[in-house]
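Shown next, in structure tokens, is the structure this report addresses.
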Amino acid sequence: MTKVIETRDLLRKFGSEETEVIALDHVSIDIEEGEFTAIIGPSGSGKTTLLHLIGGLDEPDSGAVYLSGTNIAQMSGNELSDFRRDHIGFIFQAYNLIPVLSAEENIEYIMLLQGVPAAKRKARVQEMLAMVGLEGLGDRRPAHLSGGQQQRVAVARAMASNPDIILADEPTANLDSKTGISLLDVMRELNEQQNMTFVFSTHDQKIMDRATRLIHLRDGAVEKDERK
Amino acid sequence: MLSLKLAWRNLFRNTRRTILTCLLIGSSLVVLILVDGLVLGMMDVMVGGITKTLEGEAQVSHHEFRTNLEVEYVIENPEPLIAKIQQDPNVSGFGPRVIVGGMIASSYNTTGGLIYGVDADKELSVSRLADAIVEGEYLSGADRELLMGQPMVDLLEIKLGDRLVLTAAAVDSNEITQELFRLTGVFEFGPEEMDENLVFINLEKAQPLLGMQGHLHQIALQFNDPELSKNPNLPLFRELTQGDIEALGWLDLQPSIGAMIEMSNYSTLIVGLVLFLLTSLGVINSMFMSIYERIYEFGVAKAIGTTPWQIIQLVLFEAWLLALLSCLFGLVCAYFTGDYFSENGIPMGKMEVSGIVVDGNMYTRLAPYQFVNFPVYVTLLTLAAALYPAVFASRIVPTQALQKAL
């Protein structure tokens, strides 16, 4: 199996000397292609921080993150943006759709950044909408979609560019149980069909039940790493 | 295209703020156009005051006469010059003149003044003398006609038809010469200096009286296109300039007015800069508010791969659309208000600037460049003002932005 994510000795601190908090304490993990991994742990254990470091949204105080063998610390700001755009899909807890764009346009946005031709973009958008079960709702703006529907659009947006890795930060936290399960099923299906790597940061038992690997964090350190 | 659509829609997320910002930018454009229009209108009045009242758009005279008003420096042989002037298709009119200082005496009083001998018909095409008559008649070419201003009439305690005696030194002999005239008309140019000191008689009478048979002191000119007179290298000027005789346009004759026009251009520039500065602060404030409201979105946009440059582009697109809307509003308002004031004028009362009397309304003059150049400046200013907020947005750190919003 190919390692798509490697973290080496990641250290991340927040605050100044007196109020310093160690969010991640020398974390080293490897995640292989196609894994459906959940990073779990109590609040403040460093789950989201680890996810942000893996996605290149934040920089560690020391240590390194390798994505598909590339050390992202050595990339310039634009290179990192391009890398995220082409290789990583993000799903956030609060959906984070652009409110003035319709569901279709939100999904299309990332492909536009990639310079995908219009016809191909449109076709891919329809494919994604169908995949997340939102056919016919593409022209609605986020304000006119339910929370579950918005998160489905967020999943479609994350998937639209065909990334190698999907990083999902508490994706079901704001959803009711039924909607959450339905969404997870969609993601699990994509994982199995397309061998896409998923990394979740979560408290949600439903995700833990479906994950093929659980990485337990406590006080910024890996407490347990179990593969099912 | 999606960026443009996104920018357009972002603009109307807070319609009230967008409208207020548009009003601010648009109003600046309106003020700029009106101020410039007013300056143009004022220049028209001032230049018109000089060139249309008495001086003409250009003059031919002896260099020494022009600089010192020394009467012995005459145009001795004006016919060839007049022939050249008459042949020039650009000249709309010319007025030959003799100008001598003298004494004007009535039965009751005596005063000094400047005696103008003018050709009654030709003077019509170069000065406002005929239009300035408020009592009596303009010169008809008849014997012993004399025109003077109301202040001099009052000083001499005379009325129309009363006799007056002009006394002057003959130019050829320096002998004292006198002649009897009758007051046939009273004029009012406006500037007190002119109304108190000038008298006009017929050229045919003035030349023998002053010992200037066949000679002139000055030939005033008007052109079909007034702009021609500003050109010091005009072929006609070169042809008429011979020896000490020189032909000069009004800008050379009245360099202080030229300097004043240049100064007024600077004043428009200063007004523009102040307006631009205030407007740019408003734009910066508005753009920052808009960015702070969407800081989370910018964080997300960066997280999913939007480059800093693309963020800058988006904010600048918003600023550009804001400027377009503002300019559209500003141009429509400026056109209608400018047009209204160009027809009806702005009441300014009576004032005198450099000897030119502006009485009543000040009219704006709209020019095409105001509607082309100024909106471009305003758009560029808006983009420049938006650059700082745009760079700020491009530097938003995704993790910090996401935390702030949560």
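Letters for chains follow the order of the structure tokens (A, B, ...), residue numbers begin at 1 for each chain, and ligand numbers begin at 1 in the order shown.
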
message: Using DSSP assignments from the backbone, pull out every residue in range 25-152 of chain B that falls under strand (DSSP E) and give it to me as a ChimeraX atom specification.
response: /B:58-62,91-105,110-118,133-136,145-149

task: Just the alpha helix (DSSP H) stuff from range 119-203 of chain B, please, per backbone DSSP, written as number ranges by chain.
output: B: 120-123, 150-156, 192-197, 203

- prompt: Any idea what's packed within 8 Å of range 139-144 of chain A, counting only C-alpha atoms, ignoring anything in its chain fewer than 5 positions away? Could you give it as a PyMOL selection string?
  reply: chain A and resi 97-104+150

Output N, CA and C atoms of each residue in that selection to a file, as an mmCIF file, in the first residue's frame.
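Saved as part13.cif:
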```
data_model
loop_
_atom_site.group_PDB
_atom_site.id
_atom_site.type_symbol
_atom_site.label_atom_id
_atom_site.label_comp_id
_atom_site.auth_asym_id
_atom_site.auth_seq_id
_atom_site.Cartn_x
_atom_site.Cartn_y
_atom_site.Cartn_z
ATOM 1 N N LEU A 97 -20.107 26.700 2.798
ATOM 2 C CA LEU A 97 -20.346 26.972 1.383
ATOM 3 C C LEU A 97 -20.328 28.480 1.184
ATOM 4 N N ILE A 98 -20.076 28.893 -0.042
ATOM 5 C CA ILE A 98 -20.095 30.334 -0.326
ATOM 6 C C ILE A 98 -21.557 30.731 -0.511
ATOM 7 N N PRO A 99 -22.069 31.600 0.373
ATOM 8 C CA PRO A 99 -23.523 31.824 0.413
ATOM 9 C C PRO A 99 -24.116 32.466 -0.837
ATOM 10 N N VAL A 100 -23.289 33.211 -1.592
ATOM 11 C CA VAL A 100 -23.866 33.882 -2.772
ATOM 12 C C VAL A 100 -23.812 33.010 -4.026
ATOM 13 N N LEU A 101 -23.245 31.819 -3.897
ATOM 14 C CA LEU A 101 -23.217 30.911 -5.053
ATOM 15 C C LEU A 101 -24.224 29.782 -4.821
ATOM 16 N N SER A 102 -24.801 29.308 -5.926
ATOM 17 C CA SER A 102 -25.745 28.194 -5.829
ATOM 18 C C SER A 102 -24.970 26.909 -5.514
ATOM 19 N N ALA A 103 -25.714 25.834 -5.231
ATOM 20 C CA ALA A 103 -25.066 24.543 -4.939
ATOM 21 C C ALA A 103 -24.156 24.149 -6.107
ATOM 22 N N GLU A 104 -24.680 24.289 -7.317
ATOM 23 C CA GLU A 104 -23.883 23.939 -8.513
ATOM 24 C C GLU A 104 -22.616 24.781 -8.590
ATOM 25 N N GLN A 150 -26.720 20.937 2.728
ATOM 26 C CA GLN A 150 -25.527 21.787 2.587
ATOM 27 C C GLN A 150 -24.253 20.956 2.769
#
```

message: Can you tell me which residues surround Ile5 in chain A at a distance of at most 12 Å, considering only C-alpha atoms, apart from same-chain residues fewer than 4 positions away, and format the answer as a PyMOL selection string?
response: chain A and resi 1+28-35+37+50-51+53-56+64-72+87-88+164-167+197-199

File dump, residues just selected, N, CA and C atoms, as a compact mmCIF listing (two decimals), in the first residue's frame:
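Printed below is part.txt as written:
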```txt
# COMPACT_ATOMS: atom_id res chain seq x y z
N MET A 1 0.85 -1.21 0.00
CA MET A 1 0.00 0.00 0.00
C MET A 1 0.88 1.25 0.00
N SER A 28 3.70 11.35 15.10
CA SER A 28 4.14 10.72 13.85
C SER A 28 3.13 9.65 13.47
N ILE A 29 2.50 9.82 12.32
CA ILE A 29 1.56 8.79 11.85
C ILE A 29 1.75 8.61 10.34
N ASP A 30 1.38 7.45 9.85
CA ASP A 30 1.35 7.18 8.40
C ASP A 30 -0.06 6.76 8.04
N ILE A 31 -0.59 7.32 6.97
CA ILE A 31 -1.92 6.89 6.49
C ILE A 31 -1.78 6.44 5.05
N GLU A 32 -2.31 5.27 4.79
CA GLU A 32 -2.13 4.68 3.45
C GLU A 32 -3.31 4.99 2.55
N GLU A 33 -3.07 4.85 1.28
CA GLU A 33 -4.08 5.15 0.26
C GLU A 33 -5.33 4.29 0.50
N GLY A 34 -6.49 4.94 0.44
CA GLY A 34 -7.75 4.22 0.55
C GLY A 34 -8.21 3.98 1.97
N GLU A 35 -7.44 4.41 2.95
CA GLU A 35 -7.87 4.22 4.33
C GLU A 35 -9.02 5.17 4.68
N THR A 37 -9.96 6.74 7.81
CA THR A 37 -9.38 6.91 9.15
C THR A 37 -10.12 7.95 9.97
N LEU A 50 -4.22 18.61 14.08
CA LEU A 50 -3.53 17.62 13.25
C LEU A 50 -4.08 17.65 11.82
N LEU A 51 -5.40 17.76 11.71
CA LEU A 51 -6.03 17.80 10.39
C LEU A 51 -5.56 19.04 9.60
N LEU A 53 -2.77 20.66 10.02
CA LEU A 53 -1.36 20.52 9.63
C LEU A 53 -1.22 19.59 8.43
N ILE A 54 -2.03 18.52 8.44
CA ILE A 54 -1.98 17.59 7.30
C ILE A 54 -2.42 18.31 6.02
N GLY A 55 -3.42 19.18 6.17
CA GLY A 55 -3.94 19.89 4.99
C GLY A 55 -3.12 21.10 4.61
N GLY A 56 -2.07 21.39 5.35
CA GLY A 56 -1.24 22.55 5.01
C GLY A 56 -1.90 23.87 5.33
N ALA A 64 7.50 17.48 10.26
CA ALA A 64 7.19 17.65 8.83
C ALA A 64 5.97 16.83 8.45
N VAL A 65 5.31 17.30 7.41
CA VAL A 65 4.18 16.57 6.83
C VAL A 65 4.53 16.23 5.39
N TYR A 66 4.42 14.96 5.05
CA TYR A 66 4.66 14.54 3.67
C TYR A 66 3.35 14.07 3.08
N LEU A 67 2.97 14.64 1.98
CA LEU A 67 1.77 14.19 1.27
C LEU A 67 2.22 13.59 -0.05
N SER A 68 1.90 12.33 -0.24
CA SER A 68 2.38 11.57 -1.41
C SER A 68 3.88 11.74 -1.58
N GLY A 69 4.58 11.76 -0.49
CA GLY A 69 6.05 11.82 -0.52
C GLY A 69 6.62 13.22 -0.58
N THR A 70 5.77 14.25 -0.71
CA THR A 70 6.27 15.62 -0.83
C THR A 70 6.17 16.33 0.52
N ASN A 71 7.27 16.95 0.94
CA ASN A 71 7.28 17.73 2.18
C ASN A 71 6.59 19.06 1.91
N ILE A 72 5.42 19.25 2.49
CA ILE A 72 4.66 20.46 2.14
C ILE A 72 5.28 21.73 2.73
N HIS A 87 -5.10 18.13 -4.79
CA HIS A 87 -4.91 16.83 -4.13
C HIS A 87 -5.71 16.63 -2.86
N ILE A 88 -6.25 17.73 -2.30
CA ILE A 88 -6.95 17.60 -1.01
C ILE A 88 -8.35 18.18 -1.09
N ASP A 164 -6.82 13.27 -3.90
CA ASP A 164 -6.28 12.00 -3.38
C ASP A 164 -6.78 11.78 -1.96
N ILE A 165 -6.95 12.91 -1.24
CA ILE A 165 -7.27 12.82 0.20
C ILE A 165 -8.46 13.72 0.50
N ILE A 166 -9.37 13.21 1.34
CA ILE A 166 -10.44 14.07 1.85
C ILE A 166 -10.21 14.24 3.35
N LEU A 167 -10.12 15.48 3.78
CA LEU A 167 -9.96 15.78 5.20
C LEU A 167 -11.28 16.34 5.70
N THR A 197 -8.80 8.37 -0.08
CA THR A 197 -8.39 8.34 1.33
C THR A 197 -9.19 9.36 2.13
N PHE A 198 -9.82 8.92 3.20
CA PHE A 198 -10.58 9.83 4.06
C PHE A 198 -9.93 9.91 5.43
N VAL A 199 -9.78 11.12 5.94
CA VAL A 199 -9.31 11.30 7.32
C VAL A 199 -10.31 12.20 8.03
```

If we count only C-alpha atoms, which residues of chain A reach to within 7 Å of chain B? Please list them as an mmCIF file with C-alpha atoms, in the first residue's frame.
```cif
data_model
loop_
_atom_site.group_PDB
_atom_site.id
_atom_site.type_symbol
_atom_site.label_atom_id
_atom_site.label_comp_id
_atom_site.auth_asym_id
_atom_site.auth_seq_id
_atom_site.Cartn_x
_atom_site.Cartn_y
_atom_site.Cartn_z
ATOM 1 C CA LEU A 57 -3.592 25.084 6.559
ATOM 2 C CA ASP A 58 -1.216 25.569 9.470
ATOM 3 C CA ASN A 78 0.992 29.450 -4.152
ATOM 4 C CA SER A 81 -2.625 26.457 -2.576
ATOM 5 C CA ASP A 82 -2.313 24.609 -5.873
ATOM 6 C CA ARG A 84 -4.493 21.679 -1.812
ATOM 7 C CA ARG A 85 -6.691 22.490 -4.772
ATOM 8 C CA GLY A 89 -10.662 17.977 -0.435
ATOM 9 C CA PHE A 90 -11.865 19.686 2.729
ATOM 10 C CA ASN A 96 -18.721 26.507 4.713
ATOM 11 C CA ILE A 98 -20.095 30.334 -0.326
ATOM 12 C CA VAL A 100 -23.866 33.882 -2.772
ATOM 13 C CA LEU A 101 -23.217 30.911 -5.053
ATOM 14 C CA LEU A 113 -9.726 27.351 -9.999
#
```

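The gap separating CA of Tyr363 in chain B from CA of Ile346 in chain B is 6.2 Å, in Å to one decimal.
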
Within 8 Å of range 19-28 of chain B using only C-alpha atoms, minus same-chain residues under 6 positions, as a ChimeraX atom specification: /B:275-276,279,282-283,286,322-323,325-331,378

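Ranking A:Met131, A:Lys3, A:Asp169, A:Glu223 by their shortest atom-to-atom distance to Thr49 in chain A, with only C-alpha atoms included, puts A:Asp169 first.
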
- request: Might you pull out every residue within 12 Å of Ser106 in chain B, with only C-alpha atoms counted and same-chain residues fewer than 6 positions away left off, and present them as a PyMOL selection string?
  value: chain B and resi 112+152-159+161-167+180-183

Selection near Leu216 in chain B, 7 Å with only C-alpha atoms, sequence-local residues under 5 positions removed, as JSON, numbers by chain: {"B": [74, 75, 76, 78, 96, 97, 98]}

Residues of the last selection are to be written out with N, CA and C atoms, as a short mmCIF file (atom, residue, chain, number, x, y, z; two decimals), in the first residue's frame.
```
data_model
loop_
_atom_site.label_atom_id
_atom_site.label_comp_id
_atom_site.auth_asym_id
_atom_site.auth_seq_id
_atom_site.Cartn_x
_atom_site.Cartn_y
_atom_site.Cartn_z
N VAL B 74 3.92 105.24 -32.67
CA VAL B 74 2.70 104.94 -33.42
C VAL B 74 2.98 103.90 -34.50
N ILE B 75 1.90 103.40 -35.06
CA ILE B 75 2.02 102.57 -36.28
C ILE B 75 1.95 103.58 -37.42
N GLU B 76 3.11 103.86 -38.02
CA GLU B 76 3.16 104.96 -38.97
C GLU B 76 2.46 104.64 -40.28
N PRO B 78 -0.11 102.01 -41.33
CA PRO B 78 -0.95 100.84 -40.99
C PRO B 78 -1.59 100.14 -42.19
N PRO B 96 -9.18 99.66 -35.74
CA PRO B 96 -8.05 100.59 -35.61
C PRO B 96 -8.35 101.65 -34.55
N ARG B 97 -7.30 102.01 -33.78
CA ARG B 97 -7.54 102.94 -32.66
C ARG B 97 -6.36 103.89 -32.49
N VAL B 98 -6.69 105.09 -31.98
CA VAL B 98 -5.64 105.95 -31.41
C VAL B 98 -6.00 106.13 -29.94
#
```

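Across the model, the gap from CA of Gln222 in chain B to CA of Met348 in chain B is 28.8 Å.
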
query: For Thr364 in chain B, which of B:Val199, B:Leu38, B:Met212, B:Leu29 is the closest residue, counting only C-alpha atoms?
result: B:Leu38

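You will find CA of Glu137 in chain B at 25.5 Å from CA of Glu57 in chain B.
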
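Closest approach to Glu59 in chain A among A:Gln74, A:Asn195, A:Thr202, A:Ser43 is made by A:Gln74 (distances from only C-alpha atoms).
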
- prompt: Hey, which of B:Ile115, B:Leu40, B:Leu269, B:Val60 ends up closest to Leu248 in chain B? Count only C-alpha atoms.
  reply: B:Val60

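Closest approach to Ile107 in chain A among A:Asp25, A:Ala154, A:Glu17, A:Leu134 is made by A:Ala154 (distances from only C-alpha atoms).
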
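Residue nearest Gly138 in chain A, chosen from A:Ala211, A:Leu80, A:Val153, A:Val21 and counting only C-alpha atoms: A:Val153.
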